[in-house]
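A.B. asks: My file is model.txt. It has compact mmCIF, C-alpha atoms and all ligand atoms:
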```txt
# COMPACT_ATOMS: atom_id res chain seq x y z
CA MET U 1 22.63 -21.72 -8.43
CA LEU U 2 25.80 -23.69 -7.66
CA THR U 3 25.08 -27.05 -6.11
CA ARG U 4 28.51 -28.64 -6.34
CA ALA U 5 31.91 -27.32 -5.38
CA TYR U 6 34.67 -27.97 -7.89
CA GLN U 7 38.35 -27.86 -7.04
CA HIS U 8 39.56 -27.00 -10.53
CA SER U 9 38.40 -24.14 -12.67
CA LEU U 10 37.32 -25.53 -16.03
CA ARG U 11 37.46 -22.03 -17.44
CA GLY U 12 40.80 -21.19 -19.03
CA SER U 13 40.17 -17.46 -19.44
CA HIS U 14 41.07 -14.79 -16.89
CA LEU U 15 39.40 -11.97 -18.83
CA ALA U 16 36.83 -9.97 -16.89
CA ALA U 17 33.19 -10.74 -17.80
CA GLY U 18 31.92 -8.25 -20.36
CA GLU U 19 35.31 -7.77 -22.08
CA THR U 20 35.65 -8.60 -25.77
CA LEU U 21 36.96 -12.15 -25.98
CA LEU U 22 36.86 -12.67 -29.74
CA ASP U 23 36.76 -10.08 -32.48
CA VAL U 24 35.88 -11.24 -36.00
CA ASP U 25 36.80 -8.35 -38.26
CA ASP U 26 35.81 -8.15 -41.94
CA VAL U 27 36.49 -11.83 -42.65
CA THR U 28 36.19 -13.08 -46.23
CA LEU U 29 36.78 -16.73 -47.13
CA ARG U 30 36.63 -18.11 -50.67
CA PHE U 31 36.87 -21.60 -52.10
CA GLY U 32 37.58 -21.04 -55.78
CA GLY U 33 34.44 -19.36 -57.10
CA VAL U 34 32.43 -19.88 -53.87
CA THR U 35 32.49 -17.09 -51.29
CA ALA U 36 31.76 -18.94 -48.05
CA LEU U 37 32.13 -15.78 -45.89
CA ARG U 38 31.85 -12.19 -47.06
CA ASP U 39 33.09 -9.26 -44.89
CA VAL U 40 31.83 -10.88 -41.68
CA SER U 41 32.34 -8.82 -38.48
CA PHE U 42 31.05 -9.40 -34.95
CA SER U 43 32.39 -9.76 -31.41
CA VAL U 44 31.98 -12.40 -28.74
CA THR U 45 31.83 -11.15 -25.16
CA GLU U 46 33.53 -12.97 -22.26
CA GLY U 47 30.88 -14.84 -20.28
CA HIS U 48 28.38 -15.19 -23.11
CA ILE U 49 26.78 -18.06 -24.98
CA HIS U 50 26.97 -16.64 -28.50
CA SER U 51 25.08 -18.54 -31.20
CA ILE U 52 25.69 -18.49 -34.92
CA ILE U 53 22.65 -19.41 -36.97
CA GLY U 54 21.66 -19.40 -40.62
CA PRO U 55 20.22 -21.63 -43.34
CA ASN U 56 22.20 -24.59 -44.74
CA GLY U 57 25.35 -23.51 -46.52
CA ALA U 58 25.29 -20.03 -44.92
CA GLY U 59 28.92 -20.32 -43.80
CA LYS U 60 28.56 -21.25 -40.11
CA SER U 61 31.00 -24.18 -40.02
CA SER U 62 33.42 -22.27 -42.26
CA LEU U 63 33.43 -19.46 -39.71
CA LEU U 64 34.16 -21.89 -36.86
CA ASN U 65 36.94 -23.41 -38.98
CA CYS U 66 38.45 -19.95 -39.45
CA ILE U 67 38.36 -19.32 -35.68
CA SER U 68 40.01 -22.67 -34.89
CA GLY U 69 42.60 -22.22 -37.65
CA LEU U 70 41.49 -25.07 -39.95
CA TYR U 71 40.67 -22.53 -42.68
CA ARG U 72 42.61 -19.35 -43.32
CA PRO U 73 40.48 -16.45 -44.62
CA GLN U 74 41.85 -14.50 -47.59
CA GLU U 75 40.84 -11.21 -45.96
CA GLY U 76 40.15 -9.89 -42.48
CA GLN U 77 41.34 -10.66 -38.98
CA ILE U 78 40.19 -12.73 -36.03
CA ARG U 79 41.56 -11.56 -32.69
CA LEU U 80 41.40 -13.45 -29.40
CA GLN U 81 42.02 -11.63 -26.13
CA THR U 82 43.55 -13.53 -23.24
CA ALA U 83 44.55 -12.36 -19.77
CA ALA U 84 47.24 -13.72 -17.49
CA ALA U 85 46.14 -15.01 -14.08
CA PRO U 86 45.58 -12.22 -11.52
CA GLY U 87 48.48 -11.42 -9.18
CA ALA U 88 48.53 -12.66 -5.57
CA ASP U 89 47.37 -9.17 -4.51
CA GLY U 90 44.33 -9.46 -6.80
CA THR U 91 45.62 -7.11 -9.52
CA ALA U 92 44.31 -8.03 -12.96
CA GLY U 93 46.67 -10.04 -15.21
CA LYS U 94 48.15 -8.57 -18.38
CA VAL U 95 45.80 -8.70 -21.38
CA SER U 96 47.22 -9.94 -24.71
CA THR U 97 45.72 -9.94 -28.19
CA HIS U 98 46.39 -12.86 -30.56
CA GLN U 99 45.83 -12.76 -34.32
CA LEU U 100 44.28 -16.18 -34.89
CA THR U 101 44.43 -15.84 -38.67
CA THR U 102 48.22 -16.11 -38.52
CA LEU U 103 48.38 -19.13 -36.18
CA PRO U 104 48.20 -22.89 -36.91
CA PRO U 105 45.37 -24.90 -35.25
CA HIS U 106 47.57 -26.39 -32.49
CA ARG U 107 48.74 -22.92 -31.37
CA ILE U 108 45.11 -21.71 -31.31
CA ALA U 109 44.17 -24.76 -29.21
CA ARG U 110 47.00 -23.89 -26.83
CA LEU U 111 45.42 -20.47 -26.37
CA GLY U 112 42.38 -22.31 -25.02
CA VAL U 113 40.13 -22.40 -28.08
CA ALA U 114 38.49 -25.85 -27.89
CA ARG U 115 35.94 -27.25 -30.30
CA SER U 116 33.59 -30.10 -30.97
CA PHE U 117 32.77 -31.21 -34.51
CA GLN U 118 29.53 -31.84 -36.40
CA ASN U 119 30.48 -35.51 -36.71
CA ILE U 120 31.69 -37.24 -33.58
CA GLU U 121 35.49 -37.31 -33.49
CA LEU U 122 36.23 -39.63 -30.58
CA PHE U 123 38.27 -42.83 -30.22
CA HIS U 124 35.48 -45.39 -30.28
CA ALA U 125 37.40 -48.36 -28.87
CA MET U 126 38.67 -46.34 -25.90
CA SER U 127 36.70 -45.71 -22.71
CA VAL U 128 35.01 -42.42 -21.83
CA LEU U 129 37.69 -41.80 -19.21
CA GLU U 130 40.51 -42.42 -21.70
CA ASN U 131 38.93 -40.12 -24.27
CA LEU U 132 38.58 -37.38 -21.66
CA MET U 133 42.18 -37.85 -20.49
CA LEU U 134 43.22 -37.29 -24.12
CA GLY U 135 41.51 -33.91 -23.86
CA ARG U 136 44.19 -33.02 -21.29
CA HIS U 137 47.08 -33.72 -23.68
CA ILE U 138 47.80 -30.05 -24.28
CA HIS U 139 48.43 -29.54 -20.57
CA MET U 140 50.58 -32.64 -20.14
CA ASP U 141 54.33 -32.75 -19.91
CA HIS U 142 55.30 -35.22 -22.61
CA SER U 143 58.86 -35.89 -21.48
CA VAL U 144 59.36 -39.58 -22.33
CA LEU U 145 61.47 -40.28 -19.25
CA LYS U 146 58.89 -38.76 -16.93
CA SER U 147 56.09 -40.80 -18.49
CA LEU U 148 58.12 -43.98 -18.12
CA LEU U 149 59.06 -43.37 -14.50
CA TRP U 150 55.87 -43.57 -12.51
CA PHE U 151 56.80 -41.42 -9.56
CA GLY U 152 57.55 -37.92 -8.43
CA PRO U 153 56.34 -35.06 -10.61
CA ALA U 154 54.89 -37.35 -13.32
CA ARG U 155 52.68 -39.12 -10.81
CA ARG U 156 51.52 -35.86 -9.25
CA GLN U 157 50.80 -34.48 -12.70
CA GLU U 158 48.77 -37.54 -13.65
CA ILE U 159 46.75 -37.32 -10.43
CA ARG U 160 46.04 -33.63 -10.99
CA HIS U 161 44.81 -34.30 -14.54
CA ARG U 162 42.73 -37.21 -13.31
CA HIS U 163 41.03 -35.00 -10.67
CA LEU U 164 40.06 -32.45 -13.28
CA VAL U 165 38.72 -35.16 -15.59
CA GLU U 166 36.67 -36.59 -12.70
CA GLU U 167 35.11 -33.16 -12.21
CA VAL U 168 34.14 -33.03 -15.89
CA ILE U 169 32.61 -36.53 -15.54
CA ASP U 170 30.60 -35.27 -12.57
CA LEU U 171 29.50 -32.03 -14.24
CA LEU U 172 28.27 -33.88 -17.36
CA ASN U 173 26.81 -36.80 -15.41
CA LEU U 174 28.95 -39.44 -17.11
CA GLN U 175 29.74 -41.55 -14.01
CA ALA U 176 27.66 -44.55 -15.14
CA VAL U 177 29.55 -44.85 -18.45
CA ARG U 178 33.04 -43.75 -17.42
CA ASN U 179 34.67 -47.14 -18.19
CA LYS U 180 32.56 -48.08 -21.21
CA PRO U 181 33.98 -47.93 -24.74
CA VAL U 182 32.66 -44.79 -26.42
CA GLY U 183 31.54 -46.79 -29.49
CA SER U 184 29.07 -48.76 -27.34
CA LEU U 185 27.22 -45.66 -26.10
CA ALA U 186 24.04 -44.02 -27.38
CA TYR U 187 24.61 -41.17 -29.82
CA GLY U 188 23.42 -38.47 -27.37
CA ILE U 189 25.91 -39.66 -24.75
CA GLN U 190 28.76 -39.75 -27.27
CA LYS U 191 28.03 -36.10 -28.06
CA ARG U 192 28.19 -35.36 -24.33
CA VAL U 193 31.58 -37.11 -24.12
CA GLU U 194 32.75 -34.91 -26.98
CA LEU U 195 31.64 -31.84 -25.05
CA GLY U 196 33.51 -33.21 -22.05
CA ARG U 197 36.71 -33.72 -24.01
CA ALA U 198 36.64 -30.11 -25.21
CA LEU U 199 35.99 -29.01 -21.62
CA CYS U 200 38.99 -30.98 -20.34
CA LEU U 201 41.16 -28.54 -22.27
CA GLN U 202 40.07 -25.88 -19.71
CA PRO U 203 38.97 -23.68 -22.60
CA SER U 204 38.95 -19.93 -22.74
CA LEU U 205 36.46 -20.32 -25.59
CA LEU U 206 34.39 -23.39 -26.40
CA LEU U 207 33.28 -23.78 -30.05
CA LEU U 208 30.37 -26.19 -30.45
CA ASP U 209 29.36 -27.18 -33.99
CA GLU U 210 25.79 -28.49 -33.90
CA PRO U 211 26.11 -30.41 -30.63
CA MET U 212 22.45 -31.46 -30.87
CA ALA U 213 22.34 -32.52 -34.53
CA GLY U 214 20.56 -35.86 -34.99
CA MET U 215 19.24 -35.94 -31.43
CA ASN U 216 15.68 -36.62 -30.33
CA ALA U 217 13.77 -34.00 -28.30
CA GLU U 218 14.77 -35.47 -24.94
CA GLU U 219 18.46 -35.75 -25.84
CA LYS U 220 18.37 -32.16 -27.11
CA GLU U 221 16.87 -30.94 -23.86
CA ASP U 222 19.58 -32.77 -21.89
CA MET U 223 22.34 -31.35 -24.06
CA ALA U 224 20.97 -27.79 -23.75
CA ARG U 225 20.93 -28.24 -19.96
CA PHE U 226 24.55 -29.45 -19.96
CA ILE U 227 25.68 -26.51 -22.08
CA LEU U 228 23.95 -24.20 -19.61
CA ASP U 229 25.64 -26.04 -16.72
CA VAL U 230 29.02 -25.62 -18.40
CA HIS U 231 28.30 -21.94 -18.74
CA GLU U 232 26.79 -21.36 -15.30
CA MET U 233 28.98 -23.61 -13.16
CA ALA U 234 32.25 -23.40 -15.06
CA SER U 235 31.73 -19.85 -16.52
CA VAL U 236 33.06 -20.94 -19.90
CA SER U 237 32.26 -18.69 -22.89
CA VAL U 238 30.65 -20.59 -25.75
CA VAL U 239 30.19 -20.07 -29.49
CA LEU U 240 27.39 -22.38 -30.59
CA ILE U 241 26.17 -23.39 -34.03
CA GLU U 242 22.69 -24.84 -33.76
CA HIS U 243 19.70 -25.27 -36.07
CA ASP U 244 17.05 -25.72 -33.38
CA MET U 245 15.62 -22.22 -32.96
CA ASN U 246 13.91 -22.95 -29.64
CA VAL U 247 17.20 -24.04 -28.10
CA VAL U 248 19.08 -21.09 -29.59
CA MET U 249 16.52 -18.55 -28.41
CA ASP U 250 16.43 -20.13 -24.95
CA ILE U 251 20.09 -20.33 -24.10
CA SER U 252 21.90 -17.59 -26.08
CA HIS U 253 22.95 -14.18 -24.80
CA ARG U 254 23.64 -13.03 -28.33
CA ILE U 255 23.06 -14.35 -31.83
CA SER U 256 24.81 -13.66 -35.14
CA VAL U 257 22.90 -14.62 -38.27
CA LEU U 258 24.61 -15.61 -41.53
CA ASP U 259 22.96 -15.93 -44.92
CA PHE U 260 24.91 -16.76 -48.10
CA GLY U 261 28.15 -15.98 -46.25
CA ALA U 262 27.11 -12.49 -45.12
CA LEU U 263 26.17 -11.35 -41.61
CA ILE U 264 22.57 -10.18 -41.85
CA ALA U 265 21.84 -9.65 -38.14
CA ASP U 266 23.61 -9.58 -34.78
CA GLY U 267 21.91 -8.96 -31.44
CA THR U 268 19.98 -10.37 -28.51
CA PRO U 269 17.53 -13.24 -29.21
CA ALA U 270 14.60 -10.80 -29.09
CA GLU U 271 16.29 -8.39 -31.53
CA VAL U 272 17.22 -11.15 -33.94
CA MET U 273 13.78 -12.75 -33.84
CA ALA U 274 12.16 -9.43 -34.76
CA ASN U 275 14.62 -8.65 -37.58
CA PRO U 276 12.86 -8.69 -40.99
CA ALA U 277 16.06 -9.83 -42.80
CA VAL U 278 16.24 -12.91 -40.55
CA ILE U 279 12.57 -13.77 -41.04
CA GLU U 280 13.05 -13.36 -44.81
CA ALA U 281 16.18 -15.59 -44.84
CA TYR U 282 14.44 -18.38 -42.94
CA LEU U 283 11.15 -18.17 -44.84
CA GLY U 284 13.14 -18.09 -48.09
CA ALA U 285 15.02 -21.23 -47.05
CA GLU U 286 11.73 -22.97 -46.17
CA ASP U 287 10.18 -21.94 -49.51
CA GLU U 288 13.19 -23.37 -51.33
CA GLU U 289 12.88 -26.65 -49.43
CA ASP U 290 9.11 -26.76 -50.13
CA SER U 291 9.62 -26.20 -53.84
CA ARG U 292 12.23 -28.98 -53.86
CA GLY U 293 9.46 -31.16 -52.40
N1 LIG S 1 36.41 -27.21 -47.87
C1 LIG S 1 35.54 -26.63 -48.69
N2 LIG S 1 35.76 -26.62 -50.04
C2 LIG S 1 34.89 -26.03 -50.89
N3 LIG S 1 33.77 -25.41 -50.49
C3 LIG S 1 33.49 -25.39 -49.18
C4 LIG S 1 34.36 -25.99 -48.20
N4 LIG S 1 33.82 -25.80 -46.97
C5 LIG S 1 32.68 -25.12 -47.15
N5 LIG S 1 32.48 -24.87 -48.48
C6 LIG S 1 31.35 -24.14 -49.07
O1 LIG S 1 31.17 -22.95 -48.32
C7 LIG S 1 29.78 -22.67 -48.16
C8 LIG S 1 29.44 -22.58 -46.68
O2 LIG S 1 29.51 -23.90 -46.12
P1 LIG S 1 29.43 -24.18 -44.55
O3 LIG S 1 29.61 -25.65 -44.36
O4 LIG S 1 30.33 -23.28 -43.83
O5 LIG S 1 27.91 -23.78 -44.26
P2 LIG S 1 27.03 -24.08 -42.97
O6 LIG S 1 26.27 -22.84 -42.69
O7 LIG S 1 27.87 -24.62 -41.88
O8 LIG S 1 26.06 -25.20 -43.52
P3 LIG S 1 25.29 -26.41 -42.72
O9 LIG S 1 24.26 -25.77 -41.86
O10 LIG S 1 24.65 -27.18 -43.86
O11 LIG S 1 26.32 -27.20 -41.97
C9 LIG S 1 29.02 -23.77 -48.90
O12 LIG S 1 28.71 -23.31 -50.19
C10 LIG S 1 30.03 -24.90 -48.94
O13 LIG S 1 29.79 -25.73 -50.05
```
Could I get this structure in the form of structure tokens?
C.D. replies:
Amino acid sequence: MLTRAYQHSLRGSHLAAGETLLDVDDVTLRFGGVTALRDVSFSVTEGHIHSIIGPNGAGKSSLLNCISGLYRPQEGQIRLQTAAAPGADGTAGKVSTHQLTTLPPHRIARLGVARSFQNIELFHAMSVLENLMLGRHIHMDHSVLKSLLWFGPARRQEIRHRHLVEEVIDLLNLQAVRNKPVGSLAYGIQKRVELGRALCLQPSLLLLDEPMAGMNAEEKEDMARFILDVHEMASVSVVLIEHDMNVVMDISHRISVLDFGALIADGTPAEVMANPAVIEAYLGAEDEEDSRG
């Protein structure tokens, strides 16, 4: 249920809901003798929260790094579909397919693939507002002259970016800390600022790498609610890596399960929960931890 009206769309994608947004096709990634991903294939649907789960070392972060271009798989393809904005008469925009495995990270970011990291990657001495404004850098016109002359188009541009950032602050309930240095904030709030910075990119796909790691139960609940808000109010598609099964089962439309670099299951939460290979992988991981003491 929408309670607030936002002027800017935080969603960068114009694909119709239900279309294939991301297609991971037979991806293999090796580091020397270690195969981090082995023939991994699955698709992410526009409009979904799609979780990637698996025991420690299963290859989840490596997969996210392949999608965002930080790692380049030796085999396979990762395709992102984008659509141009609809025409004035409402006709659907042209759909394009991009091979992410051939693009550097900054080009992938320009296509609207935004991510947060396992460890907080914010500028700690800068305020929340400044960190969020930095999330707009991809959309800013960096002409030196325009930035120096504070009028005309540069001023209008700055105001437009500022409005969008204010909407992200409102959506993520960051008003009370907007001018505080990020380094002075509680861990859970810093993670929320990181989510906000990724959102400021107006993503077509938001990649979240363990956004709730290290949080207490209350902070986790808040974060899950904010991810749902981002999805429901801004209609942003999300790929989420998360260890907390309750959260994953609660908020995901679809789940892909990795174990030792291979995809062992892919389906709805109910399908995945009932899959014997998934139960085996998780019980096996617990047994290993138990035997390690
Ligand atoms: N840069 C790298 N160099 C060498 N090996 C790597 C590198 N990145 C990942 N690996 C290896 O690839 C495998 C998968 O690691 P990855 O971090 O993707 O797993 P994960 O599922 O995200 O684990 P976790 O849940 O513990 O974060 C591991 O064996 C890891 O040691």
A.B. asks: At a cut-off of 6 Å and counting only C-alpha atoms and all ligand atoms, what residues surround ligand LIG 1 (chain S)? Please answer as a list in words.
C.D. replies: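 My answer, listing the contacting residues, is Phe31, Ala36, Pro55, Asn56, Gly57, Ala58, Gly59, Lys60, Ser61 and Ser62 of chain U.
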A.B. asks: List as a PyMOL selection string the protein and nucleic acid residues near stretch 48-51 of chain U, meaning an atom at most 8 Å away when all atoms listed in the file are counted, but skip any in the same chain fewer than 4 places from it.
C.D. replies: chain U and resi 44+231+237-242+248+251-256
A.B. asks: For atom CA of U:Ala213 and atom CA of U:Gly33, quote the distance in Å rounded to one decimal.
C.D. replies: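 We find that atom CA of U:Ala213 and atom CA of U:Gly33 lie 28.8 Å from each other.
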A.B. asks: List the spatial neighbours of U:Gly112 as a list of chain:residue names - criterion: any atom at most 9 Å away, all atoms listed in the file, same-chain residues fewer than 6 positions off excluded.
C.D. replies: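 Near U:Gly112, the qualifying residues are U:Gly12, U:Ser13, U:Leu201, U:Gln202, U:Pro203, U:Ser204, U:Leu205, U:Leu206.
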A.B. asks: Which polymer residues, protein or nucleic acid, are no farther than 10 Å from (32.8, -36.4, -26.7), counting all atoms listed in the file, as number ranges by chain?
C.D. replies: U: 116-117, 120-123, 128, 131-132, 135, 182, 187-199, 211
A.B. asks: As lines of an AutoDock Vina configuration file, what would the box around stretch 129-137 of chain U look like: edges along x, y and z, 8 Å added on every side, centre and edge lengths in Å to one decimal?
C.D. replies:
```
center_x = 42.4
center_y = -37.7
center_z = -21.7
size_x = 25.4
size_y = 25.4
size_z = 21.1
```
A.B. asks: Closest to U:Asn246 among U:Gly267, U:Ile53, U:Ala176, U:Leu21, using all atoms listed in the file?
C.D. replies: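 Closest to U:Asn246, using all atoms listed in the file: U:Ile53.
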A.B. asks: From the set U:Ile279, U:Val177, U:Leu100, U:Ala109, which residue has the shortest atom-to-atom contact distance to U:Leu207, counting only C-alpha atoms?
C.D. replies: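 Going through U:Ile279, U:Val177, U:Leu100, U:Ala109 one by one, the smallest distance to U:Leu207 is for U:Ala109.
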A.B. asks: Go through U:Ala114, U:Glu75, U:Ala234, U:Glu280 and flag the residue nearest U:Asp209, using all atoms listed in the file for the distances.
C.D. replies: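 Using all atoms listed in the file, U:Asp209 sits closest to U:Ala114.
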A.B. asks: Enter the distance from atom CA of U:Ser68 to atom CA of U:Leu10, in Å, rounded to one decimal.
C.D. replies: 19.3 Å
A.B. asks: Please compute the atom CA of U:Arg72-atom CA of U:Val230 distance, one decimal, in Å.
C.D. replies: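 Atom CA of U:Arg72 sits 29.1 Å away from atom CA of U:Val230.
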A.B. asks: Ranking U:Thr101, U:Gly32, U:Glu166, U:Met223 by minimum distance to U:Asn65 and counting all atoms listed in the file, which one comes first?
C.D. replies: U:Thr101
A.B. asks: Please return stretch 222-240 of chain U, rebuilt to N, CA and C atoms, as a PDB file, keeping the file's coordinate frame.
C.D. replies:
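The resulting part.pdb:
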```
ATOM      1  N   ASP U 222      18.463 -32.438 -22.790  1.00  0.00           N
ATOM      2  CA  ASP U 222      19.580 -32.770 -21.890  1.00  0.00           C
ATOM      3  C   ASP U 222      20.823 -31.980 -22.291  1.00  0.00           C
ATOM      4  N   MET U 223      21.127 -32.001 -23.590  1.00  0.00           N
ATOM      5  CA  MET U 223      22.340 -31.350 -24.060  1.00  0.00           C
ATOM      6  C   MET U 223      22.290 -29.840 -23.772  1.00  0.00           C
ATOM      7  N   ALA U 224      21.108 -29.225 -24.013  1.00  0.00           N
ATOM      8  CA  ALA U 224      20.970 -27.790 -23.750  1.00  0.00           C
ATOM      9  C   ALA U 224      21.229 -27.513 -22.269  1.00  0.00           C
ATOM     10  N   ARG U 225      20.733 -28.397 -21.411  1.00  0.00           N
ATOM     11  CA  ARG U 225      20.930 -28.240 -19.960  1.00  0.00           C
ATOM     12  C   ARG U 225      22.426 -28.350 -19.617  1.00  0.00           C
ATOM     13  N   PHE U 226      23.121 -29.290 -20.267  1.00  0.00           N
ATOM     14  CA  PHE U 226      24.550 -29.450 -19.960  1.00  0.00           C
ATOM     15  C   PHE U 226      25.356 -28.252 -20.446  1.00  0.00           C
ATOM     16  N   ILE U 227      24.961 -27.697 -21.595  1.00  0.00           N
ATOM     17  CA  ILE U 227      25.680 -26.510 -22.080  1.00  0.00           C
ATOM     18  C   ILE U 227      25.452 -25.355 -21.100  1.00  0.00           C
ATOM     19  N   LEU U 228      24.220 -25.243 -20.607  1.00  0.00           N
ATOM     20  CA  LEU U 228      23.950 -24.200 -19.610  1.00  0.00           C
ATOM     21  C   LEU U 228      24.746 -24.436 -18.329  1.00  0.00           C
ATOM     22  N   ASP U 229      24.856 -25.703 -17.919  1.00  0.00           N
ATOM     23  CA  ASP U 229      25.640 -26.040 -16.720  1.00  0.00           C
ATOM     24  C   ASP U 229      27.105 -25.633 -16.913  1.00  0.00           C
ATOM     25  N   VAL U 230      27.625 -25.965 -18.102  1.00  0.00           N
ATOM     26  CA  VAL U 230      29.020 -25.620 -18.400  1.00  0.00           C
ATOM     27  C   VAL U 230      29.201 -24.112 -18.280  1.00  0.00           C
ATOM     28  N   HIS U 231      28.208 -23.392 -18.787  1.00  0.00           N
ATOM     29  CA  HIS U 231      28.300 -21.940 -18.740  1.00  0.00           C
ATOM     30  C   HIS U 231      28.126 -21.409 -17.317  1.00  0.00           C
ATOM     31  N   GLU U 232      27.101 -21.925 -16.614  1.00  0.00           N
ATOM     32  CA  GLU U 232      26.790 -21.360 -15.300  1.00  0.00           C
ATOM     33  C   GLU U 232      27.773 -21.813 -14.215  1.00  0.00           C
ATOM     34  N   MET U 233      28.152 -23.100 -14.251  1.00  0.00           N
ATOM     35  CA  MET U 233      28.980 -23.610 -13.160  1.00  0.00           C
ATOM     36  C   MET U 233      30.460 -23.456 -13.454  1.00  0.00           C
ATOM     37  N   ALA U 234      30.831 -23.509 -14.745  1.00  0.00           N
ATOM     38  CA  ALA U 234      32.250 -23.400 -15.060  1.00  0.00           C
ATOM     39  C   ALA U 234      32.574 -22.031 -15.698  1.00  0.00           C
ATOM     40  N   SER U 235      31.563 -21.212 -15.958  1.00  0.00           N
ATOM     41  CA  SER U 235      31.730 -19.850 -16.520  1.00  0.00           C
ATOM     42  C   SER U 235      32.513 -19.841 -17.832  1.00  0.00           C
ATOM     43  N   VAL U 236      32.342 -20.883 -18.624  1.00  0.00           N
ATOM     44  CA  VAL U 236      33.060 -20.940 -19.900  1.00  0.00           C
ATOM     45  C   VAL U 236      32.246 -20.202 -20.974  1.00  0.00           C
ATOM     46  N   SER U 237      32.926 -19.378 -21.771  1.00  0.00           N
ATOM     47  CA  SER U 237      32.260 -18.690 -22.890  1.00  0.00           C
ATOM     48  C   SER U 237      32.110 -19.673 -24.044  1.00  0.00           C
ATOM     49  N   VAL U 238      30.967 -19.590 -24.728  1.00  0.00           N
ATOM     50  CA  VAL U 238      30.650 -20.590 -25.750  1.00  0.00           C
ATOM     51  C   VAL U 238      30.236 -19.908 -27.053  1.00  0.00           C
ATOM     52  N   VAL U 239      30.754 -20.406 -28.183  1.00  0.00           N
ATOM     53  CA  VAL U 239      30.190 -20.070 -29.490  1.00  0.00           C
ATOM     54  C   VAL U 239      29.517 -21.332 -30.004  1.00  0.00           C
ATOM     55  N   LEU U 240      28.222 -21.209 -30.292  1.00  0.00           N
ATOM     56  CA  LEU U 240      27.390 -22.380 -30.590  1.00  0.00           C
ATOM     57  C   LEU U 240      26.761 -22.252 -31.972  1.00  0.00           C
TER      58      LEU U 240
END
```
